[in-house]
$ cat my_file.cif   # mmCIF, C-alpha atoms
data_structure
loop_
_atom_site.label_atom_id
_atom_site.label_comp_id
_atom_site.auth_asym_id
_atom_site.auth_seq_id
_atom_site.Cartn_x
_atom_site.Cartn_y
_atom_site.Cartn_z
CA MET A 23 -12.79 0.71 8.76
CA CYS A 24 -11.07 0.73 12.13
CA ALA A 25 -8.99 -2.39 12.74
CA CYS A 26 -8.16 -3.39 16.31
CA PRO A 27 -5.67 -6.27 15.87
CA THR A 28 -4.32 -6.20 19.44
CA THR A 29 -7.86 -6.44 20.79
CA GLU A 30 -8.79 -9.18 18.30
CA ARG A 31 -5.69 -11.17 19.29
CA ASN A 32 -6.47 -10.69 22.99
CA LEU A 33 -10.08 -11.83 22.57
CA GLY A 34 -9.29 -14.58 20.05
CA ASP A 35 -11.68 -13.02 17.53
CA GLY A 36 -9.64 -13.82 14.45
CA VAL A 37 -7.55 -12.14 11.79
CA LEU A 38 -8.79 -9.13 9.84
CA ARG A 39 -8.32 -9.69 6.11
CA ALA A 40 -6.76 -6.26 5.63
CA ASP A 41 -5.32 -7.44 2.30
CA LEU A 42 -8.77 -8.05 0.84
CA LEU A 43 -10.18 -4.83 2.29
CA LEU A 44 -7.36 -2.72 0.84
CA ALA A 45 -7.64 -4.47 -2.54
CA ALA A 46 -11.36 -3.64 -2.55
CA GLY A 47 -10.59 0.04 -1.93
CA ALA A 48 -11.43 0.21 1.77
CA ARG A 49 -9.67 2.85 3.85
CA LEU A 50 -8.20 1.50 7.07
CA CYS A 51 -7.13 2.97 10.36
CA VAL A 52 -6.13 1.28 13.60
CA GLY A 53 -7.54 1.66 17.06
CA THR A 54 -8.39 -0.19 20.20
CA ASP A 55 -11.48 -1.03 22.14
CA SER A 56 -9.73 -2.38 25.20
CA GLU A 57 -7.24 -1.33 27.82
CA VAL A 58 -4.82 -4.14 26.94
CA GLN A 59 -2.45 -1.98 24.91
CA LEU A 60 -2.56 1.40 23.21
CA SER A 61 0.03 1.53 20.45
CA PRO A 62 -0.91 2.52 16.90
CA LEU A 63 2.40 1.30 15.48
CA GLU A 64 2.07 -2.07 17.20
CA ASP A 65 -1.48 -2.40 15.91
CA VAL A 66 -0.56 -1.50 12.33
CA ARG A 67 2.35 -3.95 12.26
CA GLN A 68 0.02 -6.65 13.56
CA LEU A 69 -2.22 -6.17 10.50
CA GLU A 70 0.67 -7.54 8.43
CA TYR A 71 1.96 -10.06 10.98
CA HIS A 72 -1.42 -11.70 11.54
CA LEU A 73 -1.80 -12.21 7.80
CA ARG A 74 1.73 -13.63 7.60
CA LEU A 75 0.84 -16.27 10.16
CA ALA A 76 -2.47 -17.13 8.52
CA GLN A 77 -1.12 -17.25 4.96
CA GLU A 78 2.45 -18.39 5.67
CA GLN A 79 4.11 -15.74 3.52
CA ARG A 80 5.54 -12.24 3.88
CA ALA A 81 4.71 -8.76 2.60
CA ILE A 82 1.03 -9.55 2.12
CA LEU A 83 -0.06 -5.92 2.39
CA ASP A 84 2.47 -4.95 -0.30
CA PRO A 85 1.02 -6.38 -3.52
CA GLU A 86 3.01 -3.80 -5.53
CA GLN A 87 6.21 -5.39 -4.15
CA GLY A 88 7.64 -2.03 -3.15
CA GLY A 89 9.97 -3.74 -0.70
CA VAL A 90 10.12 -3.44 3.04
CA GLY A 91 10.42 0.37 2.81
CA GLY A 92 7.25 0.59 0.71
CA LEU A 93 5.39 -1.69 3.08
CA GLY A 94 6.64 0.33 6.05
CA ALA A 95 5.38 3.56 4.46
CA LYS A 96 2.01 1.94 3.68
CA LEU A 97 1.59 0.73 7.28
CA TYR A 98 2.62 4.10 8.67
CA ALA A 99 0.05 5.82 6.43
CA ILE A 100 -2.67 3.51 7.77
CA ALA A 101 -1.72 4.50 11.32
CA SER A 102 -1.37 8.24 10.62
CA GLU A 103 -3.45 9.37 7.64
CA GLY A 104 -5.96 6.58 8.13
CA GLY A 105 -6.52 7.65 11.71
CA MET A 106 -7.02 11.30 10.80
CA ARG A 107 -9.43 10.45 7.95
CA SER A 108 -11.44 8.19 10.26
CA LEU A 109 -12.00 11.19 12.51
CA GLY A 110 -12.95 13.41 9.58
CA LEU A 111 -9.80 15.49 10.02
CA GLY A 112 -7.07 16.60 7.67
CA GLY A 113 -3.50 15.68 8.38
CA GLY A 114 -1.60 12.52 9.05
CA ALA A 115 1.21 13.49 6.66
CA LEU A 116 3.47 16.51 6.33
CA ARG A 117 2.14 18.31 3.25
CA PRO A 118 1.52 21.96 2.38
CA GLY A 119 -1.89 23.03 3.61
CA GLU A 120 -2.23 20.17 6.10
CA PRO A 121 -2.02 20.60 9.88
CA ALA A 122 1.56 20.26 11.10
CA ASP A 123 0.96 17.24 13.35
CA PHE A 124 4.17 15.27 13.76
CA ILE A 125 6.56 13.60 16.16
CA ALA A 126 10.30 13.87 16.69
CA VAL A 127 12.03 10.51 16.92
CA ASP A 128 15.27 9.74 18.74
CA LEU A 129 17.22 7.88 16.06
CA ASP A 130 19.50 6.49 18.78
CA ASP A 131 16.63 4.73 20.55
CA PRO A 132 17.45 0.99 20.49
CA SER A 133 14.22 0.25 18.61
CA VAL A 134 15.40 2.19 15.51
CA ALA A 135 19.14 2.71 16.08
CA GLY A 136 21.17 2.12 12.93
CA ALA A 137 18.31 2.76 10.52
CA ASN A 138 19.34 4.64 7.41
CA ARG A 139 17.34 6.82 5.02
CA GLU A 140 16.30 3.83 2.87
CA ASP A 141 15.00 1.64 5.67
CA LEU A 142 13.84 4.19 8.25
CA MET A 143 10.11 3.85 7.43
CA ALA A 144 10.37 0.07 7.68
CA ASN A 145 12.11 0.41 11.05
CA VAL A 146 9.47 2.84 12.28
CA ALA A 147 6.60 0.62 11.15
CA PHE A 148 8.05 -2.72 12.22
CA SER A 149 10.14 -2.02 15.31
CA MET A 150 9.87 1.51 16.70
CA GLU A 151 8.75 1.64 20.31
CA ARG A 152 7.06 4.56 22.04
CA THR A 153 10.35 5.19 23.87
CA ALA A 154 11.75 6.60 20.61
CA ILE A 155 9.22 9.48 20.54
CA ARG A 156 10.81 12.57 22.04
CA GLU A 157 8.37 15.35 21.16
CA THR A 158 4.94 15.76 19.61
CA TRP A 159 3.52 18.73 17.72
CA VAL A 160 -0.16 19.37 17.03
CA ARG A 161 -1.01 22.04 14.45
CA GLY A 162 2.59 23.21 14.60
CA GLU A 163 2.58 23.72 18.38
CA PRO A 164 4.55 21.53 20.77
CA LEU A 165 2.26 19.32 22.82
CA ARG A 166 2.93 19.60 26.52
CA LEU A 167 1.41 16.73 28.44
CA ASP A 168 1.26 16.58 32.20
CA PHE A 169 1.53 12.84 32.74
CA ALA A 170 2.24 13.20 36.45
CA GLY A 171 -0.84 15.39 36.91
CA ALA A 172 -3.03 13.00 34.91
CA LEU A 173 -1.79 9.85 36.66
CA PRO A 174 -4.13 9.90 39.72
CA ALA A 175 -7.28 10.11 37.57
CA PHE A 176 -5.93 7.49 35.16
CA ARG A 177 -5.05 5.17 38.04
CA ALA A 178 -8.56 5.55 39.50
CA ALA A 179 -10.17 4.82 36.11
CA MET A 180 -8.03 1.72 35.66
CA ARG A 181 -8.96 0.48 39.14
CA ARG A 182 -12.64 0.85 38.23
CA LEU A 183 -12.06 -1.09 34.99
CA TRP A 184 -10.10 -3.87 36.69
CA GLY A 185 -12.21 -3.83 39.87
#

$ encode --input "my_file.cif" --output "structure tokens"
Amino acid sequence: MCACPTTERNLGDGVLRADLLLAAGARLCVGTDSEVQLSPLEDVRQLEYHLRLAQEQRAILDPEQGGVGGLGAKLYAIASEGGMRSLGLGGGALRPGEPADFIAVDLDDPSVAGANREDLMANVAFSMERTAIRETWVRGEPLRLDFAGALPAFRAAMRRLWG
């Protein structure tokens, strides 16, 4: 199931009961169906935050009580492995035999600065911003994106959407 919490919040559609879905064995990923915001980490943290507001408690998606690090790892897996599975692809985690798709994070970025080994996954899941991502690899090859070259077409598409 693809959850779109940023879109649901924007449209006022309600809170996805990700806790019940996970308990029932559903596999989740996050996505978007709007141009409001595109941030898998923001969307995955909102799965937990929306439930916190609705149920007035914390760590709802961590019934095993693995602590904030365990919850961070679970949320990250929904964003990474869940996304790859939803597309019918392998990957989403660094394991032997899986595609080497990964990012390099600047640990001095203000959104994660000061994180240590024990709380890094929690910091990534709950506070890391896109500004912390320095490089991306797909199937072991560095991904080279030409944002400047893509900007004119993106700008034109956005004008059509907003127009």

$ closest_residue --input "my_file.cif" --among "A:Ala154, A:Leu173, A:Leu183, A:Leu43" --to "A:Asp128" --atoms "all atoms listed in the file"
A:Ala154

$ residues_around --input "my_file.cif" --residues "A:Arg49" --least-positions-apart "2" --cutoff "9 Å" --atoms "all atoms listed in the file" --output "NGL selection string"
:A and (23-24 or 43-44 or 47 or 51 or 100 or 104 or 107-108)

$ closest_residue --input "my_file.cif" --among "A:Val160, A:Leu63, A:Ala144, A:Ala25" --to "A:Ala48" --atoms "all atoms listed in the file"
A:Ala25

$ residues_near_point --input "my_file.cif" --point "(-4.7, -11.1, 9.7)" --cutoff "9 Å" --atoms "all atoms listed in the file" --output "number ranges by chain"
A: 27, 36-41, 68-77

$ residues_around --input "my_file.cif" --residues "A:Glu151" --least-positions-apart "5" --cutoff "9 Å" --atoms "all atoms listed in the file" --output "number ranges by chain"
A: 61, 63-64, 131-134, 146

$ atom_distance --input "my_file.cif" --atom1 "atom CA of A:Asp130" --atom2 "atom CA of A:Leu142"
12.2 Å

$ closest_residue --input "my_file.cif" --among "A:Leu97, A:Gln79, A:Asp84, A:Asn32" --to "A:Phe148" --atoms "all atoms listed in the file"
A:Leu97

$ residues_around --input "my_file.cif" --residues "A:Asp55" --least-positions-apart "4" --cutoff "10 Å" --atoms "only C-alpha atoms" --output "list in words"
Ala25, Cys26, Thr28, Thr29, Glu30, Gln59 and Leu60 of chain A

$ closest_residue --input "my_file.cif" --among "A:Ala122, A:Ile82, A:Met106, A:Ala135" --to "A:Gly162" --atoms "all atoms listed in the file"
A:Ala122

$ atom_distance --input "my_file.cif" --atom1 "atom CA of A:Gly114" --atom2 "atom CA of A:Gly94"
15.0 Å

$ atom_distance --input "my_file.cif" --atom1 "atom CA of A:Asp35" --atom2 "atom CA of A:Ala95"
27.1 Å
